[in-house]
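Peer 1: Sending over final-v6.cif (mmCIF, N, CA and C atoms).
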```cif
data_query
loop_
_atom_site.label_atom_id
_atom_site.label_comp_id
_atom_site.auth_asym_id
_atom_site.auth_seq_id
_atom_site.Cartn_x
_atom_site.Cartn_y
_atom_site.Cartn_z
N MET G 279 2.08 -27.87 -5.97
CA MET G 279 3.38 -27.45 -5.50
C MET G 279 4.17 -28.72 -5.19
N SER G 280 5.31 -28.86 -5.80
CA SER G 280 6.11 -30.06 -5.60
C SER G 280 7.03 -29.90 -4.41
N LYS G 281 7.25 -30.99 -3.74
CA LYS G 281 8.17 -31.00 -2.60
C LYS G 281 9.57 -31.32 -3.11
N VAL G 282 10.54 -30.53 -2.68
CA VAL G 282 11.93 -30.78 -3.01
C VAL G 282 12.65 -30.91 -1.68
N SER G 283 13.36 -32.00 -1.49
CA SER G 283 14.02 -32.20 -0.21
C SER G 283 15.19 -31.25 -0.04
N SER G 284 15.43 -30.88 1.19
CA SER G 284 16.57 -30.02 1.46
C SER G 284 17.84 -30.86 1.41
N PRO G 285 18.98 -30.24 1.13
CA PRO G 285 20.20 -31.00 0.95
C PRO G 285 20.70 -31.72 2.18
N LYS G 286 20.37 -31.25 3.36
CA LYS G 286 20.87 -31.90 4.58
C LYS G 286 19.71 -32.29 5.49
N GLY G 287 18.62 -32.76 4.93
CA GLY G 287 17.53 -33.20 5.76
C GLY G 287 16.52 -32.11 6.02
N LYS G 288 15.62 -32.40 6.94
CA LYS G 288 14.53 -31.48 7.21
C LYS G 288 14.94 -30.46 8.25
N SER G 289 14.38 -29.27 8.11
CA SER G 289 14.65 -28.22 9.08
C SER G 289 13.80 -28.45 10.32
N ALA G 290 14.09 -27.72 11.36
CA ALA G 290 13.32 -27.83 12.59
C ALA G 290 11.86 -27.48 12.32
N VAL G 291 11.62 -26.54 11.43
CA VAL G 291 10.25 -26.14 11.11
C VAL G 291 9.49 -27.29 10.47
N SER G 292 10.17 -28.11 9.66
CA SER G 292 9.48 -29.17 8.93
C SER G 292 8.84 -30.19 9.86
N LYS G 293 9.29 -30.26 11.10
CA LYS G 293 8.69 -31.20 12.04
C LYS G 293 7.21 -30.91 12.24
N SER G 294 6.83 -29.65 12.13
CA SER G 294 5.43 -29.30 12.29
C SER G 294 4.71 -29.33 10.95
N ASP G 295 5.47 -29.46 9.84
CA ASP G 295 4.93 -29.56 8.48
C ASP G 295 3.87 -28.49 8.22
N ASP G 296 4.20 -27.25 8.48
CA ASP G 296 3.24 -26.17 8.32
C ASP G 296 3.46 -25.41 7.01
N TRP G 297 2.78 -24.33 6.85
CA TRP G 297 2.82 -23.53 5.62
C TRP G 297 4.22 -23.04 5.29
N ARG G 298 5.06 -22.84 6.31
CA ARG G 298 6.42 -22.35 6.06
C ARG G 298 7.25 -23.38 5.31
N VAL G 299 7.06 -24.64 5.62
CA VAL G 299 7.77 -25.72 4.93
C VAL G 299 7.36 -25.73 3.45
N ALA G 300 6.07 -25.62 3.21
CA ALA G 300 5.57 -25.60 1.83
C ALA G 300 6.10 -24.37 1.09
N THR G 301 6.19 -23.24 1.78
CA THR G 301 6.68 -22.02 1.14
C THR G 301 8.15 -22.14 0.78
N ILE G 302 8.98 -22.63 1.71
CA ILE G 302 10.41 -22.82 1.41
C ILE G 302 10.57 -23.83 0.28
N SER G 303 9.76 -24.86 0.26
CA SER G 303 9.83 -25.86 -0.79
C SER G 303 9.50 -25.24 -2.15
N LEU G 304 8.47 -24.40 -2.20
CA LEU G 304 8.12 -23.73 -3.44
C LEU G 304 9.23 -22.77 -3.87
N ILE G 305 9.76 -22.02 -2.92
CA ILE G 305 10.87 -21.09 -3.23
C ILE G 305 12.05 -21.86 -3.83
N ARG G 306 12.40 -22.98 -3.21
CA ARG G 306 13.50 -23.82 -3.70
C ARG G 306 13.22 -24.27 -5.14
N THR G 307 12.00 -24.69 -5.41
CA THR G 307 11.61 -25.13 -6.76
C THR G 307 11.70 -23.99 -7.76
N LEU G 308 11.19 -22.81 -7.39
CA LEU G 308 11.21 -21.65 -8.29
C LEU G 308 12.64 -21.23 -8.61
N ILE G 309 13.51 -21.25 -7.59
CA ILE G 309 14.90 -20.88 -7.82
C ILE G 309 15.54 -21.86 -8.80
N LYS G 310 15.29 -23.15 -8.62
CA LYS G 310 15.86 -24.17 -9.51
C LYS G 310 15.29 -24.03 -10.93
N GLN G 311 14.02 -23.67 -11.05
CA GLN G 311 13.43 -23.45 -12.37
C GLN G 311 14.06 -22.23 -13.05
N ALA G 312 14.29 -21.19 -12.28
CA ALA G 312 14.87 -19.96 -12.83
C ALA G 312 16.33 -20.15 -13.22
N ASP G 313 17.04 -20.98 -12.45
CA ASP G 313 18.46 -21.21 -12.72
C ASP G 313 18.81 -22.67 -12.41
N PRO G 314 18.74 -23.53 -13.41
CA PRO G 314 19.03 -24.96 -13.19
C PRO G 314 20.44 -25.23 -12.68
N GLU G 315 21.36 -24.28 -12.83
CA GLU G 315 22.74 -24.47 -12.37
C GLU G 315 22.97 -23.98 -10.94
N VAL G 316 21.92 -23.54 -10.27
CA VAL G 316 22.07 -23.01 -8.91
C VAL G 316 22.57 -24.12 -7.97
N VAL G 317 23.33 -23.70 -6.97
CA VAL G 317 23.83 -24.60 -5.93
C VAL G 317 23.23 -24.14 -4.61
N GLU G 318 22.70 -25.08 -3.85
CA GLU G 318 22.16 -24.75 -2.53
C GLU G 318 23.07 -25.34 -1.46
N GLU G 319 23.43 -24.52 -0.50
CA GLU G 319 24.21 -24.96 0.66
C GLU G 319 23.52 -24.47 1.92
N ARG G 320 23.89 -25.07 3.03
CA ARG G 320 23.41 -24.61 4.34
C ARG G 320 24.53 -23.84 5.01
N LYS G 321 24.25 -22.62 5.42
CA LYS G 321 25.23 -21.76 6.08
C LYS G 321 24.73 -21.39 7.48
N TRP G 322 25.64 -20.87 8.26
CA TRP G 322 25.34 -20.34 9.58
C TRP G 322 24.64 -21.37 10.48
N VAL G 323 25.20 -22.57 10.52
CA VAL G 323 24.69 -23.62 11.38
C VAL G 323 25.12 -23.31 12.81
N LYS G 324 24.17 -23.38 13.75
CA LYS G 324 24.46 -23.15 15.16
C LYS G 324 23.43 -23.89 16.00
N ALA G 325 23.64 -23.93 17.28
CA ALA G 325 22.76 -24.69 18.18
C ALA G 325 21.30 -24.25 18.05
N ALA G 326 21.07 -22.97 17.93
CA ALA G 326 19.70 -22.46 17.83
C ALA G 326 19.09 -22.77 16.45
N ASN G 327 19.93 -23.06 15.47
CA ASN G 327 19.47 -23.36 14.11
C ASN G 327 20.36 -24.46 13.54
N PRO G 328 20.18 -25.71 14.01
CA PRO G 328 21.09 -26.79 13.65
C PRO G 328 21.11 -27.14 12.17
N GLU G 329 20.08 -26.80 11.44
CA GLU G 329 20.05 -27.08 10.00
C GLU G 329 20.64 -25.94 9.18
N GLY G 330 20.90 -24.81 9.82
CA GLY G 330 21.47 -23.69 9.10
C GLY G 330 20.46 -22.98 8.21
N VAL G 331 20.97 -22.10 7.38
CA VAL G 331 20.14 -21.27 6.50
C VAL G 331 20.37 -21.71 5.06
N PRO G 332 19.30 -22.08 4.34
CA PRO G 332 19.49 -22.41 2.93
C PRO G 332 20.01 -21.18 2.19
N THR G 333 21.09 -21.37 1.45
CA THR G 333 21.75 -20.28 0.74
C THR G 333 22.00 -20.74 -0.69
N TRP G 334 21.52 -19.95 -1.65
CA TRP G 334 21.62 -20.32 -3.05
C TRP G 334 22.70 -19.50 -3.73
N TYR G 335 23.53 -20.19 -4.53
CA TYR G 335 24.70 -19.60 -5.19
C TYR G 335 24.69 -19.83 -6.69
N HIS G 336 25.22 -18.88 -7.40
CA HIS G 336 25.64 -19.01 -8.81
C HIS G 336 26.59 -17.86 -9.05
N ASP G 337 27.88 -18.16 -9.11
CA ASP G 337 28.93 -17.14 -9.21
C ASP G 337 28.84 -16.13 -8.07
N GLY G 338 28.46 -16.60 -6.90
CA GLY G 338 28.28 -15.76 -5.71
C GLY G 338 26.90 -16.02 -5.12
N ILE G 339 26.67 -15.46 -3.96
CA ILE G 339 25.38 -15.65 -3.29
C ILE G 339 24.28 -14.95 -4.09
N ILE G 340 23.20 -15.69 -4.32
CA ILE G 340 22.00 -15.10 -4.92
C ILE G 340 21.09 -14.63 -3.79
N CYS G 341 20.71 -15.60 -2.92
CA CYS G 341 19.79 -15.26 -1.84
C CYS G 341 19.84 -16.33 -0.75
N THR G 342 19.21 -16.00 0.36
CA THR G 342 19.05 -16.93 1.47
C THR G 342 17.56 -17.06 1.77
N GLY G 343 17.19 -18.14 2.44
CA GLY G 343 15.80 -18.34 2.84
C GLY G 343 15.73 -18.71 4.31
N GLU G 344 14.96 -17.96 5.05
CA GLU G 344 14.85 -18.23 6.49
C GLU G 344 13.39 -18.31 6.90
N THR G 345 13.11 -19.21 7.83
CA THR G 345 11.75 -19.33 8.34
C THR G 345 11.68 -18.72 9.73
N TYR G 346 10.65 -17.94 9.92
CA TYR G 346 10.36 -17.31 11.20
C TYR G 346 8.96 -17.72 11.62
N LYS G 347 8.59 -17.38 12.81
CA LYS G 347 7.28 -17.78 13.33
C LYS G 347 6.14 -17.25 12.46
N THR G 348 6.27 -16.00 12.00
CA THR G 348 5.16 -15.37 11.28
C THR G 348 5.37 -15.22 9.78
N HIS G 349 6.59 -15.55 9.29
CA HIS G 349 6.86 -15.36 7.87
C HIS G 349 8.08 -16.15 7.41
N VAL G 350 8.21 -16.22 6.11
CA VAL G 350 9.41 -16.78 5.47
C VAL G 350 10.08 -15.60 4.77
N LYS G 351 11.39 -15.43 5.01
CA LYS G 351 12.13 -14.31 4.43
C LYS G 351 13.14 -14.82 3.42
N VAL G 352 13.09 -14.23 2.23
CA VAL G 352 14.11 -14.46 1.21
C VAL G 352 14.88 -13.16 1.09
N THR G 353 16.19 -13.23 1.35
CA THR G 353 17.04 -12.04 1.29
C THR G 353 17.98 -12.18 0.11
N PHE G 354 17.93 -11.20 -0.79
CA PHE G 354 18.81 -11.16 -1.95
C PHE G 354 20.06 -10.40 -1.58
N ALA G 355 21.22 -11.06 -1.76
CA ALA G 355 22.49 -10.50 -1.33
C ALA G 355 22.78 -9.14 -1.97
N LYS G 356 22.44 -8.99 -3.23
CA LYS G 356 22.68 -7.73 -3.95
C LYS G 356 21.36 -7.11 -4.40
N GLY G 357 20.34 -7.28 -3.58
CA GLY G 357 19.00 -6.86 -3.94
C GLY G 357 18.85 -5.39 -4.28
N ALA G 358 19.64 -4.53 -3.63
CA ALA G 358 19.52 -3.09 -3.89
C ALA G 358 19.94 -2.75 -5.31
N SER G 359 20.68 -3.64 -5.96
CA SER G 359 21.13 -3.41 -7.34
C SER G 359 20.20 -4.01 -8.38
N LEU G 360 19.14 -4.68 -7.93
CA LEU G 360 18.23 -5.35 -8.85
C LEU G 360 17.02 -4.47 -9.17
N LYS G 361 16.56 -4.55 -10.40
CA LYS G 361 15.31 -3.90 -10.76
C LYS G 361 14.19 -4.74 -10.19
N ASP G 362 13.17 -4.10 -9.68
CA ASP G 362 12.04 -4.80 -9.07
C ASP G 362 10.73 -4.20 -9.57
N PRO G 363 10.44 -4.35 -10.88
CA PRO G 363 9.24 -3.71 -11.43
C PRO G 363 7.95 -4.22 -10.81
N SER G 364 7.95 -5.44 -10.30
CA SER G 364 6.74 -5.99 -9.67
C SER G 364 6.63 -5.62 -8.20
N ARG G 365 7.64 -4.92 -7.70
CA ARG G 365 7.66 -4.45 -6.31
C ARG G 365 7.49 -5.60 -5.31
N MET G 366 8.28 -6.64 -5.53
CA MET G 366 8.25 -7.79 -4.62
C MET G 366 8.98 -7.49 -3.31
N PHE G 367 10.07 -6.71 -3.38
CA PHE G 367 10.83 -6.42 -2.17
C PHE G 367 9.95 -5.65 -1.19
N ASN G 368 9.85 -6.17 0.03
CA ASN G 368 9.04 -5.53 1.05
C ASN G 368 9.73 -5.51 2.41
N SER G 369 11.03 -5.82 2.41
CA SER G 369 11.77 -5.92 3.66
C SER G 369 13.22 -5.50 3.42
N SER G 370 13.86 -4.99 4.45
CA SER G 370 15.26 -4.55 4.36
C SER G 370 15.46 -3.53 3.25
N LEU G 371 14.53 -2.63 3.11
CA LEU G 371 14.56 -1.66 2.01
C LEU G 371 15.50 -0.50 2.24
N GLU G 372 15.93 -0.30 3.47
CA GLU G 372 16.75 0.87 3.79
C GLU G 372 18.25 0.65 3.57
N GLY G 373 18.67 -0.58 3.36
CA GLY G 373 20.10 -0.87 3.20
C GLY G 373 20.63 -0.52 1.83
N ASN G 374 21.95 -0.47 1.71
CA ASN G 374 22.59 -0.16 0.45
C ASN G 374 22.92 -1.40 -0.37
N LEU G 375 22.72 -2.59 0.18
CA LEU G 375 23.12 -3.80 -0.51
C LEU G 375 21.98 -4.81 -0.63
N ARG G 376 21.49 -5.29 0.51
CA ARG G 376 20.49 -6.37 0.50
C ARG G 376 19.06 -5.83 0.38
N ARG G 377 18.19 -6.72 -0.09
CA ARG G 377 16.74 -6.48 -0.09
C ARG G 377 16.08 -7.81 0.22
N GLY G 378 14.94 -7.75 0.88
CA GLY G 378 14.25 -8.97 1.26
C GLY G 378 12.80 -9.00 0.82
N ILE G 379 12.27 -10.21 0.81
CA ILE G 379 10.85 -10.43 0.57
C ILE G 379 10.34 -11.27 1.72
N ASP G 380 9.37 -10.75 2.45
CA ASP G 380 8.72 -11.50 3.51
C ASP G 380 7.43 -12.10 2.96
N PHE G 381 7.30 -13.41 3.06
CA PHE G 381 6.10 -14.11 2.63
C PHE G 381 5.35 -14.53 3.89
N HIS G 382 4.06 -14.23 3.93
CA HIS G 382 3.22 -14.58 5.07
C HIS G 382 2.22 -15.66 4.69
N GLU G 383 1.69 -16.32 5.70
CA GLU G 383 0.74 -17.41 5.47
C GLU G 383 -0.42 -16.93 4.59
N GLY G 384 -0.74 -17.73 3.60
CA GLY G 384 -1.88 -17.43 2.74
C GLY G 384 -1.56 -16.54 1.54
N GLU G 385 -0.37 -15.93 1.53
CA GLU G 385 0.01 -15.08 0.40
C GLU G 385 0.43 -15.94 -0.78
N LYS G 386 0.04 -15.53 -1.96
CA LYS G 386 0.44 -16.21 -3.18
C LYS G 386 1.71 -15.56 -3.70
N ILE G 387 2.68 -16.38 -4.05
CA ILE G 387 3.94 -15.88 -4.60
C ILE G 387 3.75 -15.59 -6.09
N ASP G 388 4.15 -14.41 -6.51
CA ASP G 388 4.15 -14.08 -7.93
C ASP G 388 5.36 -14.81 -8.52
N GLU G 389 5.11 -16.01 -9.03
CA GLU G 389 6.19 -16.88 -9.47
C GLU G 389 6.99 -16.28 -10.62
N LYS G 390 6.32 -15.65 -11.55
CA LYS G 390 7.01 -15.05 -12.70
C LYS G 390 7.95 -13.94 -12.24
N ALA G 391 7.47 -13.07 -11.36
CA ALA G 391 8.29 -11.95 -10.87
C ALA G 391 9.44 -12.47 -10.01
N PHE G 392 9.19 -13.49 -9.18
CA PHE G 392 10.23 -14.04 -8.33
C PHE G 392 11.35 -14.65 -9.18
N LYS G 393 10.97 -15.43 -10.18
CA LYS G 393 11.99 -16.05 -11.05
C LYS G 393 12.76 -14.98 -11.83
N ALA G 394 12.09 -13.90 -12.20
CA ALA G 394 12.79 -12.80 -12.89
C ALA G 394 13.85 -12.19 -11.97
N LEU G 395 13.54 -12.03 -10.68
CA LEU G 395 14.53 -11.51 -9.73
C LEU G 395 15.71 -12.47 -9.60
N ILE G 396 15.43 -13.77 -9.55
CA ILE G 396 16.50 -14.77 -9.46
C ILE G 396 17.41 -14.66 -10.68
N ARG G 397 16.81 -14.62 -11.86
CA ARG G 397 17.62 -14.54 -13.09
C ARG G 397 18.44 -13.26 -13.12
N GLU G 398 17.86 -12.16 -12.68
CA GLU G 398 18.59 -10.90 -12.66
C GLU G 398 19.75 -10.95 -11.67
N ALA G 399 19.53 -11.58 -10.51
CA ALA G 399 20.60 -11.71 -9.52
C ALA G 399 21.74 -12.57 -10.05
N VAL G 400 21.40 -13.64 -10.77
CA VAL G 400 22.43 -14.49 -11.37
C VAL G 400 23.22 -13.70 -12.41
N ALA G 401 22.52 -12.95 -13.25
CA ALA G 401 23.19 -12.15 -14.28
C ALA G 401 24.11 -11.12 -13.64
N LEU G 402 23.70 -10.51 -12.54
CA LEU G 402 24.54 -9.54 -11.83
C LEU G 402 25.79 -10.23 -11.29
N ASN G 403 25.63 -11.41 -10.71
CA ASN G 403 26.79 -12.15 -10.21
C ASN G 403 27.74 -12.52 -11.34
N GLU G 404 27.19 -12.97 -12.46
CA GLU G 404 28.04 -13.34 -13.60
C GLU G 404 28.81 -12.14 -14.11
N THR G 405 28.16 -10.98 -14.17
CA THR G 405 28.82 -9.75 -14.60
C THR G 405 29.94 -9.38 -13.65
N SER G 406 29.68 -9.53 -12.35
CA SER G 406 30.71 -9.23 -11.33
C SER G 406 31.92 -10.13 -11.46
N VAL G 407 31.68 -11.42 -11.73
CA VAL G 407 32.76 -12.39 -11.86
C VAL G 407 33.59 -12.08 -13.10
N ARG G 408 32.93 -11.76 -14.21
CA ARG G 408 33.66 -11.45 -15.44
C ARG G 408 34.44 -10.15 -15.31
N GLY G 409 33.92 -9.23 -14.50
CA GLY G 409 34.58 -7.93 -14.34
C GLY G 409 35.83 -7.97 -13.49
N LYS G 410 36.03 -9.08 -12.77
CA LYS G 410 37.20 -9.17 -11.88
C LYS G 410 38.43 -9.55 -12.64
#
```
How would this structure read if it were set down as structure tokens?

Peer 2:
Amino acid sequence: MSKVSSPKGKSAVSKSDDWRVATISLIRTLIKQADPEVVEERKWVKAANPEGVPTWYHDGIICTGETYKTHVKVTFAKGASLKDPSRMFNSSLEGNLRRGIDFHEGEKIDEKAFKALIREAVALNETSVRGK
């Protein structure tokens, strides 16, 4: 698993250099592999989270990545509109728009399925932009 630095330095979690840092790093790498044109920004910076939330864009928000004590959450902005044949979505399933994936320590990420979701989210954003 390759390390990819965050755009604005290390997050508060990275100070402990635990599994969550490695997971966010892998997620960042997979997103970039799925869409080389993706842009990552930090949003929602506040005192409790000075590094903000990594947010990936391509013609609109694709997803966000957040670290919690017990898991790493990737939330797809338009997840409810995405096909999920591998059934990766396991969080925020009741909403009409977003869907999330909670990754826990020791879980292996289905890289092929995750990248397929990223590509589908990008395609949905591109379709939305062209439709305007």

Peer 1: Would you translate the PyMOL selection byres ((chain G and resi 313-319) around 6) into the concrete set of residues it matches in this file, as a PyMOL selection string?

Peer 2: chain G and resi 308-312+320-321+331-336

Peer 1: Okay, now the selection with N, CA and C atoms, as a PDB file, in the coordinates of the input?

Peer 2:
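Ended up saving to out_1.pdb:
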```
ATOM      1  N   LEU G 308      11.190 -22.810  -7.390  1.00  0.00           N
ATOM      2  CA  LEU G 308      11.210 -21.650  -8.290  1.00  0.00           C
ATOM      3  C   LEU G 308      12.640 -21.230  -8.610  1.00  0.00           C
ATOM      4  N   ILE G 309      13.510 -21.250  -7.590  1.00  0.00           N
ATOM      5  CA  ILE G 309      14.900 -20.880  -7.820  1.00  0.00           C
ATOM      6  C   ILE G 309      15.540 -21.860  -8.800  1.00  0.00           C
ATOM      7  N   LYS G 310      15.290 -23.150  -8.620  1.00  0.00           N
ATOM      8  CA  LYS G 310      15.860 -24.170  -9.510  1.00  0.00           C
ATOM      9  C   LYS G 310      15.290 -24.030 -10.930  1.00  0.00           C
ATOM     10  N   GLN G 311      14.020 -23.670 -11.050  1.00  0.00           N
ATOM     11  CA  GLN G 311      13.430 -23.450 -12.370  1.00  0.00           C
ATOM     12  C   GLN G 311      14.060 -22.230 -13.050  1.00  0.00           C
ATOM     13  N   ALA G 312      14.290 -21.190 -12.280  1.00  0.00           N
ATOM     14  CA  ALA G 312      14.870 -19.960 -12.830  1.00  0.00           C
ATOM     15  C   ALA G 312      16.330 -20.150 -13.220  1.00  0.00           C
ATOM     16  N   ARG G 320      23.890 -25.070   3.030  1.00  0.00           N
ATOM     17  CA  ARG G 320      23.410 -24.610   4.340  1.00  0.00           C
ATOM     18  C   ARG G 320      24.530 -23.840   5.010  1.00  0.00           C
ATOM     19  N   LYS G 321      24.250 -22.620   5.420  1.00  0.00           N
ATOM     20  CA  LYS G 321      25.230 -21.760   6.080  1.00  0.00           C
ATOM     21  C   LYS G 321      24.730 -21.390   7.480  1.00  0.00           C
ATOM     22  N   VAL G 331      20.970 -22.100   7.380  1.00  0.00           N
ATOM     23  CA  VAL G 331      20.140 -21.270   6.500  1.00  0.00           C
ATOM     24  C   VAL G 331      20.370 -21.710   5.060  1.00  0.00           C
ATOM     25  N   PRO G 332      19.300 -22.080   4.340  1.00  0.00           N
ATOM     26  CA  PRO G 332      19.490 -22.410   2.930  1.00  0.00           C
ATOM     27  C   PRO G 332      20.010 -21.180   2.190  1.00  0.00           C
ATOM     28  N   THR G 333      21.090 -21.370   1.450  1.00  0.00           N
ATOM     29  CA  THR G 333      21.750 -20.280   0.740  1.00  0.00           C
ATOM     30  C   THR G 333      22.000 -20.740  -0.690  1.00  0.00           C
ATOM     31  N   TRP G 334      21.520 -19.950  -1.650  1.00  0.00           N
ATOM     32  CA  TRP G 334      21.620 -20.320  -3.050  1.00  0.00           C
ATOM     33  C   TRP G 334      22.700 -19.500  -3.730  1.00  0.00           C
ATOM     34  N   TYR G 335      23.530 -20.190  -4.530  1.00  0.00           N
ATOM     35  CA  TYR G 335      24.700 -19.600  -5.190  1.00  0.00           C
ATOM     36  C   TYR G 335      24.690 -19.830  -6.690  1.00  0.00           C
ATOM     37  N   HIS G 336      25.220 -18.880  -7.400  1.00  0.00           N
ATOM     38  CA  HIS G 336      25.640 -19.010  -8.810  1.00  0.00           C
ATOM     39  C   HIS G 336      26.590 -17.860  -9.050  1.00  0.00           C
TER      40      HIS G 336
END
```

Peer 1: With all atoms listed in the file as the atoms that count, which of G:Gly343, G:Gly338, G:Pro363, G:Gly384 lies nearest to Val400 of chain G?

Peer 2: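 Ranked by minimum distance to Val400 of chain G, first place goes to G:Gly338.
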
Peer 1: Could you please determine the separation between atom N of Glu383 of chain G and atom N of His349 of chain G in Å, to one decimal place?

Peer 2: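 Separation between atom N of Glu383 of chain G and atom N of His349 of chain G: 6.1 Å.
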
Peer 1: Select, counting only N, CA and C atoms, all protein, DNA and RNA residues no farther than 6 Å from (12.8, -15.7, -0.6) in file coordinates, and express the selection as a ChimeraX atom specification.

Peer 2: /G:342-343,351-353,379

Peer 1: From a DSSP calculation on the backbone, collect every residue of chain G in helix (DSSP H, G or I) and output the set as JSON, numbers by chain.

Peer 2: {"G": [291, 292, 293, 294, 297, 298, 299, 300, 301, 302, 303, 304, 305, 306, 307, 308, 309, 310, 311, 312, 357, 358, 359, 389, 390, 391, 392, 393, 394, 395, 396, 397, 398, 399, 400, 401, 402, 403, 404, 405, 406, 407, 408, 409]}

Peer 1: Do a neighbour search on Ala358 of chain G at 8 Å with all atoms listed in the file, toss out local chain neighbours closer than 5 positions, and write the hits as number ranges by chain.

Peer 2: G: 371, 373-378

Peer 1: May I have the residues from that selection written out with N, CA and C atoms, as an mmCIF file, in the frame of the given file?

Peer 2:
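Once written, part.cif looks like this:
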```
data_model
loop_
_atom_site.group_PDB
_atom_site.id
_atom_site.type_symbol
_atom_site.label_atom_id
_atom_site.label_comp_id
_atom_site.auth_asym_id
_atom_site.auth_seq_id
_atom_site.Cartn_x
_atom_site.Cartn_y
_atom_site.Cartn_z
ATOM 1 N N LEU G 371 14.530 -2.630 3.110
ATOM 2 C CA LEU G 371 14.560 -1.660 2.010
ATOM 3 C C LEU G 371 15.500 -0.500 2.240
ATOM 4 N N GLY G 373 18.670 -0.580 3.360
ATOM 5 C CA GLY G 373 20.100 -0.870 3.200
ATOM 6 C C GLY G 373 20.630 -0.520 1.830
ATOM 7 N N ASN G 374 21.950 -0.470 1.710
ATOM 8 C CA ASN G 374 22.590 -0.160 0.450
ATOM 9 C C ASN G 374 22.920 -1.400 -0.370
ATOM 10 N N LEU G 375 22.720 -2.590 0.180
ATOM 11 C CA LEU G 375 23.120 -3.800 -0.510
ATOM 12 C C LEU G 375 21.980 -4.810 -0.630
ATOM 13 N N ARG G 376 21.490 -5.290 0.510
ATOM 14 C CA ARG G 376 20.490 -6.370 0.500
ATOM 15 C C ARG G 376 19.060 -5.830 0.380
ATOM 16 N N ARG G 377 18.190 -6.720 -0.090
ATOM 17 C CA ARG G 377 16.740 -6.480 -0.090
ATOM 18 C C ARG G 377 16.080 -7.810 0.220
ATOM 19 N N GLY G 378 14.940 -7.750 0.880
ATOM 20 C CA GLY G 378 14.250 -8.970 1.260
ATOM 21 C C GLY G 378 12.800 -9.000 0.820
#
```

Peer 1: Quick one: DSSP strand (DSSP E or B) residues in chain G, as JSON, numbers by chain?

Peer 2: {"G": [317, 318, 319, 320, 321, 324, 327, 331, 332, 333, 334, 335, 339, 340, 341, 342, 343, 344, 345, 349, 350, 351, 352, 353, 354, 369, 377, 378, 379, 380, 381, 382]}

Peer 1: What's the separation between atom C of Lys356 of chain G and atom N of Lys393 of chain G, in Å to one decimal place?

Peer 2: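 So the two atoms, atom C of Lys356 of chain G and atom N of Lys393 of chain G, lie 14.5 Å apart.
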
Peer 1: Return the single residue from G:Val323, G:Cys341, G:Met366, G:Leu360 that is closest to Ala401 of chain G, with distances computed using only C-alpha atoms.

Peer 2: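 Using only C-alpha atoms, the shortest distance to Ala401 of chain G belongs to G:Leu360.
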
Peer 1: Report, in Å with one decimal, the straight-line distance from atom N of Ala391 of chain G to atom C of Leu304 of chain G.

Peer 2: 12.4 Å

Peer 1: Could you name the residues that touch Glu398 of chain G at 8 Å or less, counting all atoms listed in the file, but leaving out those on the same chain fewer than 6 positions away, as number ranges by chain?

Peer 2: G: 359-361, 392, 404
